[in-house]
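Peer 1: Attaching a single structure in structure tokens format; questions to follow.
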Amino acid sequence: MVRGGFALTNDYYGQALAVDWDLNNTLGFTSSANINANTYDVTTSSLLGPQFTGFGQEVRPLPNITVPSSLQFPLAQPLDEGERIEQSVDSKLHAPTEYVWNLTYERQLPAGMVFSASYIGRMGRSLLARRDVAAFNNIKDPQSGVDWYTAATMLEKQRQQGVDISQIQSIPFFDNLFPANFAQTLNEGFAVFDCNVPPVCFDPSWTNTQAFYGFQAIGFFEGNDWTDVQAIVDRVLSPVGTTVFSTGAGPTRFMQPQYGTLSSWSTIGNSNYHALAISLRQRLSSLTLDFNYTFSHSLDDASGLQTEGGFGNQQGNGAFIVNPIRQRENYGNSDFDIRHSINASAIWQLPFGKGRALMGSAGRGVDAILGGWQLSGIFRWNTGLPAGSPFDDGRWATNWDFQSNVTPTRPVHTCPSRPKDASPKLFGCGDIDQIYQSFRNAYPGENGPRNYLRFPGYVDVDLGLGKTWSMPWNEQHKLQVRWDVFNVTNTQRLTGIADFGVALDPALTGATAPGDWSNFTQIQGQARVMQIGARYSF
């Protein structure tokens, strides 16, 4: 028999988003003021943060706190380049669309067995995903045709190679889009610092390209923090608000003036799922059997639930798309992708006792001892779930609030270990430092590869043994006693990662992996559990 089907459906959505909006949104309903990251430091007199003077300290007189004299609806954040990190919901949400189809071949086999093989497909469009709707612009120079990602990546590659700033050649992008003598403009913008003390100052003789390179080369940032460069440049050239860096004039080039990051639910996601499912079933006998095998592949732009937080999770990224400008680069294995899956279950009524193949005419006493036994079991095995991806531990090359994944420079394979005298690791059977040094930090605009590493697979065997007695006063009344053992072999495959952050330039510096890098944190499933139960039915 051959059968098939196709359906076009819409996903149910809305309730969780309403709760998310109610709890986290600040637009229109509440007024709040945040002191943004990097506003103060601990060394510069004019930028020292306010000190703690005791419990119950008055907050309103603190610097950079502005108490509104009145509120009006709708409220909106000011255009002050405040670099706020908030979340919201896209005003153009609509119901996600699912296209589902299948084709099945089924055949009756001897002895009451049935075989079936199915192809199953599912294509999701306009799916819910979080994206940073205030992501920094990838501006393009109309004269040279070069955009920010390309120009900044050229500088980042040279920084990773340790090229001296005096050897940096001019890139037209920086000359065409930024004012002449940009290094001097930066010095004036940073007049709040002591410009006689490196690494803060910029040499006025530097070209515009060298000035941009200088942010990373002279140590203003630890390195590869290109979104901070974009933010600082905007704050120097566009004196909106009260920022101490503002000296120029004009609109921002990179930053949305209200936010550094605004994570918003949008219906912009895509997914594709294809599977081959094979089943073998046995019914209507003393043996009931199910065997199922699935070979499948699920891919999407982002994986997550409507109840997920504003920025997903670092490993796998959850529902959050790191770079919405290049959304397609986030397309990869779903967080829940399992390539191979086998499950089998069986219930066997042992052929002993009254009415059975063996001892069918046994007396009541013999049947009470040897009859009515049942053996049951469930076997499950599947290949591992994605383990997420190593990521930049303290640099923001692409997104203001969320680090990109690092990129392997040579083939990297997981090799789980369970040593007796050390912590189990995802990368445990090789030279952990060599593996750690096999990654490079992200280039500007990069998401980094997603979900290409795998946890160990899962395996589990559950068994049950039962004995049923028919009551002597009424054969319709039965007593069953069962002994069930879950995870009979007490197999404990590992999962969860303690630390997947990668430091700056691990290969160039010969960095050693942190002690907890790629350490497992939990087991899959649970340890062996036994239970004994009784049931009286009538």
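Letters A, B, ... mark the chains of the structure tokens in the order given; residue numbers begin at 1 per chain; ligand numbers begin at 1, in order shown.
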Would you kindly return, as a ChimeraX atom specification, each protein, DNA or RNA residue with an atom no farther than 10 Å from any atom of region 49-63 of chain A, considering only C-alpha atoms and excluding same-chain residues fewer than 5 positions away?
Peer 2: /A:35,39-44
Peer 1: Save the residues we just selected, N, CA, C and O atoms, as a compact mmCIF listing (two decimals), in the first residue's frame?
Peer 2:
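The result, written out as out26.txt:
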```txt
# COMPACT_ATOMS: atom_id res chain seq x y z
N ILE A 35 22.86 53.24 33.33
CA ILE A 35 24.22 53.73 33.14
C ILE A 35 24.92 52.70 32.26
O ILE A 35 25.10 51.55 32.66
N THR A 39 30.98 53.54 30.63
CA THR A 39 30.81 54.97 30.93
C THR A 39 31.88 55.46 31.90
O THR A 39 32.39 56.57 31.77
N TYR A 40 32.24 54.62 32.86
CA TYR A 40 33.23 55.00 33.88
C TYR A 40 34.43 54.06 33.84
O TYR A 40 34.36 52.97 33.28
N ASP A 41 35.52 54.52 34.45
CA ASP A 41 36.64 53.63 34.70
C ASP A 41 37.14 53.87 36.12
O ASP A 41 36.53 54.62 36.90
N VAL A 42 38.26 53.26 36.47
CA VAL A 42 38.77 53.37 37.85
C VAL A 42 40.08 54.14 37.92
O VAL A 42 40.72 54.16 38.97
N THR A 43 40.49 54.76 36.80
CA THR A 43 41.78 55.44 36.80
C THR A 43 41.69 56.91 36.43
O THR A 43 42.50 57.72 36.91
N THR A 44 40.76 57.30 35.58
CA THR A 44 40.68 58.68 35.10
C THR A 44 39.78 59.49 36.02
O THR A 44 38.63 59.13 36.26
```
Peer 1: Using only C-alpha atoms, which of A:His94, A:Ala211, A:Ile139, A:Ile171 sits nearest Leu186 (chain A)?
Peer 2: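 Of the candidates, the smallest distance to Leu186 (chain A) is held by A:Ala211.
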Peer 1: Separation of CA of Tyr13 (chain A) and CA of Glu98 (chain A), in Å?
Peer 2: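 Atom-to-atom, CA of Tyr13 (chain A) and CA of Glu98 (chain A) are spaced 13.0 Å apart.
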Peer 1: Using only C-alpha atoms, which of the listed residues (A:Met123, A:Ile218, A:Leu177, A:Cys201) sits closest to Asp164 (chain A)?
Peer 2: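 Using only C-alpha atoms, Asp164 (chain A) sits closest to A:Ile218.
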Peer 1: Residues at most 12 Å from Ile120 (chain A), counting only C-alpha atoms, excluding those fewer than 5 positions away in the same chain, as a ChimeraX atom specification?
Peer 2: /A:4-7,99-105,272-278,294-298
Peer 1: Just to confirm, what's the straight-line distance from CA of Thr409 (chain A) to CA of Asp335 (chain A) in Å (one decimal)?
Peer 2: 23.1 Å
Peer 1: Taking the DSSP assignment computed from this structure's backbone, write out as number ranges by chain all residues of region 242-458 of chain A that belong to helix (DSSP H, G or I).
Peer 2: A: 324-330, 364-370, 432-436
Peer 1: With C-alpha atoms kept, could you save the residues just selected as a PDB file, in the first residue's frame?
Peer 2:
```pdb
ATOM      1  CA  PRO A 324      20.484  39.902  11.095  1.00  0.00           C
ATOM      2  CA  ILE A 325      22.216  41.676   8.199  1.00  0.00           C
ATOM      3  CA  ARG A 326      23.641  38.309   7.149  1.00  0.00           C
ATOM      4  CA  GLN A 327      20.916  36.072   8.523  1.00  0.00           C
ATOM      5  CA  ARG A 328      21.650  33.237   6.100  1.00  0.00           C
ATOM      6  CA  GLU A 329      25.077  32.721   7.701  1.00  0.00           C
ATOM      7  CA  ASN A 330      23.284  31.598  10.875  1.00  0.00           C
ATOM      8  CA  ARG A 364      -4.128 -24.130  39.413  1.00  0.00           C
ATOM      9  CA  GLY A 365      -1.106 -24.540  41.691  1.00  0.00           C
ATOM     10  CA  VAL A 366       1.428 -24.967  38.854  1.00  0.00           C
ATOM     11  CA  ASP A 367      -0.155 -22.088  36.936  1.00  0.00           C
ATOM     12  CA  ALA A 368       0.111 -19.838  39.993  1.00  0.00           C
ATOM     13  CA  ILE A 369       3.887 -20.384  39.996  1.00  0.00           C
ATOM     14  CA  LEU A 370       4.849 -20.726  36.326  1.00  0.00           C
ATOM     15  CA  ILE A 432      43.674  19.946  24.516  1.00  0.00           C
ATOM     16  CA  ASP A 433      45.958  22.953  23.983  1.00  0.00           C
ATOM     17  CA  GLN A 434      46.509  22.054  20.332  1.00  0.00           C
ATOM     18  CA  ILE A 435      42.745  21.814  19.833  1.00  0.00           C
ATOM     19  CA  TYR A 436      42.250  25.138  21.647  1.00  0.00           C
TER      20      TYR A 436
END
```
Peer 1: Determine which residues of region 72-287 of chain A receive a DSSP assignment of strand (DSSP E), computed from the backbone, and state them as a ChimeraX atom specification.
Peer 2: /A:84-89,97-109,113-132,259-282,287
Peer 1: Could you check the closest approach to Phe136 (chain A) for each of A:Gly445, A:Pro411, A:Gly189, A:Gly223 and tell me which residue wins, using only C-alpha atoms?
Peer 2: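 Result for the nearest residue to Phe136 (chain A): A:Gly445.
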Peer 1: Can you pull out every residue within 8 Å of Phe311 (chain A), counting only C-alpha atoms, but drop anything in the same chain fewer than 4 positions away, and send it as a PyMOL selection string?
Peer 2: chain A and resi 130+263+317-320+402
Peer 1: For Thr207 (chain A), list every protein, DNA or RNA residue within 9 Å, evaluated using only C-alpha atoms, and leave out those in the same chain fewer than 4 positions away; present the list as a list in words.
Peer 2: Gln169, Ser170, Phe174, Asp175, Ala180, Asn181, Phe182, Ala183, Ala211 and Phe212 of chain A
Peer 1: Might you pull out every residue within 10 Å of region 526-537 of chain A, with only C-alpha atoms counted and same-chain residues fewer than 5 positions away left off, and present them as a PyMOL selection string?
Peer 2: chain A and resi 460-471+476-493
Peer 1: Keeping only N, CA and C atoms, take the residues you just selected and write them out as a PDB file, in the first residue's frame.
Peer 2:
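This went into result.pdb:
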```pdb
ATOM      1  N   ASP A 460      20.037   3.631  26.004  1.00  0.00           N
ATOM      2  CA  ASP A 460      19.328   3.286  27.234  1.00  0.00           C
ATOM      3  C   ASP A 460      18.540   1.999  27.010  1.00  0.00           C
ATOM      4  N   VAL A 461      18.550   1.140  28.021  1.00  0.00           N
ATOM      5  CA  VAL A 461      17.752  -0.085  28.005  1.00  0.00           C
ATOM      6  C   VAL A 461      16.922  -0.130  29.279  1.00  0.00           C
ATOM      7  N   ASP A 462      15.607  -0.254  29.139  1.00  0.00           N
ATOM      8  CA  ASP A 462      14.705  -0.408  30.278  1.00  0.00           C
ATOM      9  C   ASP A 462      14.054  -1.789  30.179  1.00  0.00           C
ATOM     10  N   LEU A 463      13.977  -2.500  31.292  1.00  0.00           N
ATOM     11  CA  LEU A 463      13.372  -3.826  31.317  1.00  0.00           C
ATOM     12  C   LEU A 463      12.356  -3.921  32.440  1.00  0.00           C
ATOM     13  N   GLY A 464      11.338  -4.723  32.193  1.00  0.00           N
ATOM     14  CA  GLY A 464      10.322  -4.956  33.213  1.00  0.00           C
ATOM     15  C   GLY A 464       9.932  -6.428  33.265  1.00  0.00           C
ATOM     16  N   LEU A 465       9.728  -6.919  34.470  1.00  0.00           N
ATOM     17  CA  LEU A 465       9.299  -8.299  34.675  1.00  0.00           C
ATOM     18  C   LEU A 465       8.036  -8.272  35.525  1.00  0.00           C
ATOM     19  N   GLY A 466       6.980  -8.919  35.028  1.00  0.00           N
ATOM     20  CA  GLY A 466       5.712  -8.897  35.744  1.00  0.00           C
ATOM     21  C   GLY A 466       5.123 -10.281  35.901  1.00  0.00           C
ATOM     22  N   LYS A 467       4.328 -10.446  36.964  1.00  0.00           N
ATOM     23  CA  LYS A 467       3.632 -11.715  37.220  1.00  0.00           C
ATOM     24  C   LYS A 467       2.188 -11.398  37.567  1.00  0.00           C
ATOM     25  N   THR A 468       1.256 -12.074  36.872  1.00  0.00           N
ATOM     26  CA  THR A 468      -0.168 -11.818  37.051  1.00  0.00           C
ATOM     27  C   THR A 468      -0.856 -13.079  37.557  1.00  0.00           C
ATOM     28  N   TRP A 469      -1.675 -12.888  38.572  1.00  0.00           N
ATOM     29  CA  TRP A 469      -2.494 -13.980  39.103  1.00  0.00           C
ATOM     30  C   TRP A 469      -3.974 -13.650  38.895  1.00  0.00           C
ATOM     31  N   SER A 470      -4.732 -14.652  38.460  1.00  0.00           N
ATOM     32  CA  SER A 470      -6.184 -14.529  38.438  1.00  0.00           C
ATOM     33  C   SER A 470      -6.704 -14.919  39.817  1.00  0.00           C
ATOM     34  N   MET A 471      -7.589 -14.134  40.365  1.00  0.00           N
ATOM     35  CA  MET A 471      -8.087 -14.383  41.711  1.00  0.00           C
ATOM     36  C   MET A 471      -9.013 -15.606  41.730  1.00  0.00           C
ATOM     37  N   GLN A 476     -12.022 -12.586  36.586  1.00  0.00           N
ATOM     38  CA  GLN A 476     -11.954 -11.237  36.040  1.00  0.00           C
ATOM     39  C   GLN A 476     -11.182 -10.300  36.979  1.00  0.00           C
ATOM     40  N   HIS A 477     -10.921 -10.743  38.169  1.00  0.00           N
ATOM     41  CA  HIS A 477     -10.118  -9.978  39.131  1.00  0.00           C
ATOM     42  C   HIS A 477      -8.679 -10.487  39.047  1.00  0.00           C
ATOM     43  N   LYS A 478      -7.733  -9.548  38.846  1.00  0.00           N
ATOM     44  CA  LYS A 478      -6.336  -9.946  38.664  1.00  0.00           C
ATOM     45  C   LYS A 478      -5.421  -9.076  39.524  1.00  0.00           C
ATOM     46  N   LEU A 479      -4.353  -9.724  39.995  1.00  0.00           N
ATOM     47  CA  LEU A 479      -3.311  -9.044  40.759  1.00  0.00           C
ATOM     48  C   LEU A 479      -2.009  -9.143  39.976  1.00  0.00           C
ATOM     49  N   GLN A 480      -1.374  -8.003  39.715  1.00  0.00           N
ATOM     50  CA  GLN A 480      -0.095  -8.009  39.004  1.00  0.00           C
ATOM     51  C   GLN A 480       0.975  -7.359  39.875  1.00  0.00           C
ATOM     52  N   VAL A 481       2.119  -8.008  39.945  1.00  0.00           N
ATOM     53  CA  VAL A 481       3.292  -7.462  40.623  1.00  0.00           C
ATOM     54  C   VAL A 481       4.371  -7.252  39.571  1.00  0.00           C
ATOM     55  N   ARG A 482       4.988  -6.062  39.580  1.00  0.00           N
ATOM     56  CA  ARG A 482       5.987  -5.726  38.558  1.00  0.00           C
ATOM     57  C   ARG A 482       7.280  -5.250  39.196  1.00  0.00           C
ATOM     58  N   TRP A 483       8.354  -5.584  38.499  1.00  0.00           N
ATOM     59  CA  TRP A 483       9.692  -5.097  38.849  1.00  0.00           C
ATOM     60  C   TRP A 483      10.256  -4.438  37.593  1.00  0.00           C
ATOM     61  N   ASP A 484      10.445  -3.122  37.628  1.00  0.00           N
ATOM     62  CA  ASP A 484      10.948  -2.368  36.476  1.00  0.00           C
ATOM     63  C   ASP A 484      12.315  -1.794  36.790  1.00  0.00           C
ATOM     64  N   VAL A 485      13.200  -1.878  35.814  1.00  0.00           N
ATOM     65  CA  VAL A 485      14.546  -1.317  35.943  1.00  0.00           C
ATOM     66  C   VAL A 485      14.771  -0.378  34.765  1.00  0.00           C
ATOM     67  N   PHE A 486      15.043   0.880  35.063  1.00  0.00           N
ATOM     68  CA  PHE A 486      15.312   1.882  34.030  1.00  0.00           C
ATOM     69  C   PHE A 486      16.811   2.110  33.932  1.00  0.00           C
ATOM     70  N   ASN A 487      17.317   2.122  32.711  1.00  0.00           N
ATOM     71  CA  ASN A 487      18.760   2.190  32.451  1.00  0.00           C
ATOM     72  C   ASN A 487      19.451   0.995  33.126  1.00  0.00           C
ATOM     73  N   VAL A 488      19.115  -0.185  32.621  1.00  0.00           N
ATOM     74  CA  VAL A 488      19.597  -1.433  33.216  1.00  0.00           C
ATOM     75  C   VAL A 488      21.117  -1.466  33.306  1.00  0.00           C
ATOM     76  N   THR A 489      21.795  -1.014  32.273  1.00  0.00           N
ATOM     77  CA  THR A 489      23.260  -1.081  32.236  1.00  0.00           C
ATOM     78  C   THR A 489      23.929   0.069  32.985  1.00  0.00           C
ATOM     79  N   ASN A 490      23.122   1.001  33.499  1.00  0.00           N
ATOM     80  CA  ASN A 490      23.641   2.184  34.204  1.00  0.00           C
ATOM     81  C   ASN A 490      24.642   2.957  33.342  1.00  0.00           C
ATOM     82  N   THR A 491      24.360   3.005  32.046  1.00  0.00           N
ATOM     83  CA  THR A 491      25.205   3.759  31.121  1.00  0.00           C
ATOM     84  C   THR A 491      24.922   5.247  31.275  1.00  0.00           C
ATOM     85  N   GLN A 492      25.980   6.036  31.380  1.00  0.00           N
ATOM     86  CA  GLN A 492      25.807   7.467  31.612  1.00  0.00           C
ATOM     87  C   GLN A 492      26.627   8.239  30.577  1.00  0.00           C
ATOM     88  N   ARG A 493      25.999   8.553  29.450  1.00  0.00           N
ATOM     89  CA  ARG A 493      26.627   9.404  28.452  1.00  0.00           C
ATOM     90  C   ARG A 493      26.551  10.860  28.937  1.00  0.00           C
TER      91      ARG A 493
END
```
Peer 1: Considering only C-alpha atoms, state which residue in the set A:Gly363, A:Phe336, A:Ser345, A:Asp516 is at the smallest distance from Lys425 (chain A).
Peer 2: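 Ranking A:Gly363, A:Phe336, A:Ser345, A:Asp516 by distance to Lys425 (chain A), first place goes to A:Asp516.
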Peer 1: Find the residues around Ala498 (chain A) up to 12 Å (only C-alpha atoms counted), leave out those fewer than 2 positions away in its own chain, and share them as number ranges by chain.
Peer 2: A: 314-315, 387-388, 390, 423-426, 495-496, 500-501, 514-522
Peer 1: Which is closest to Trp473 (chain A) among A:Phe427, A:Phe291, A:Phe538, A:Tyr458, if we use only C-alpha atoms?
Peer 2: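 Comparing A:Phe427, A:Phe291, A:Phe538, A:Tyr458 against Trp473 (chain A), the winner is A:Phe538.
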Peer 1: Enter the distance from CA of Gln437 (chain A) to CA of Thr414 (chain A), in Å, rounded to one decimal.
Peer 2: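 Answer for the CA of Gln437 (chain A) to CA of Thr414 (chain A) separation: 14.5 Å.
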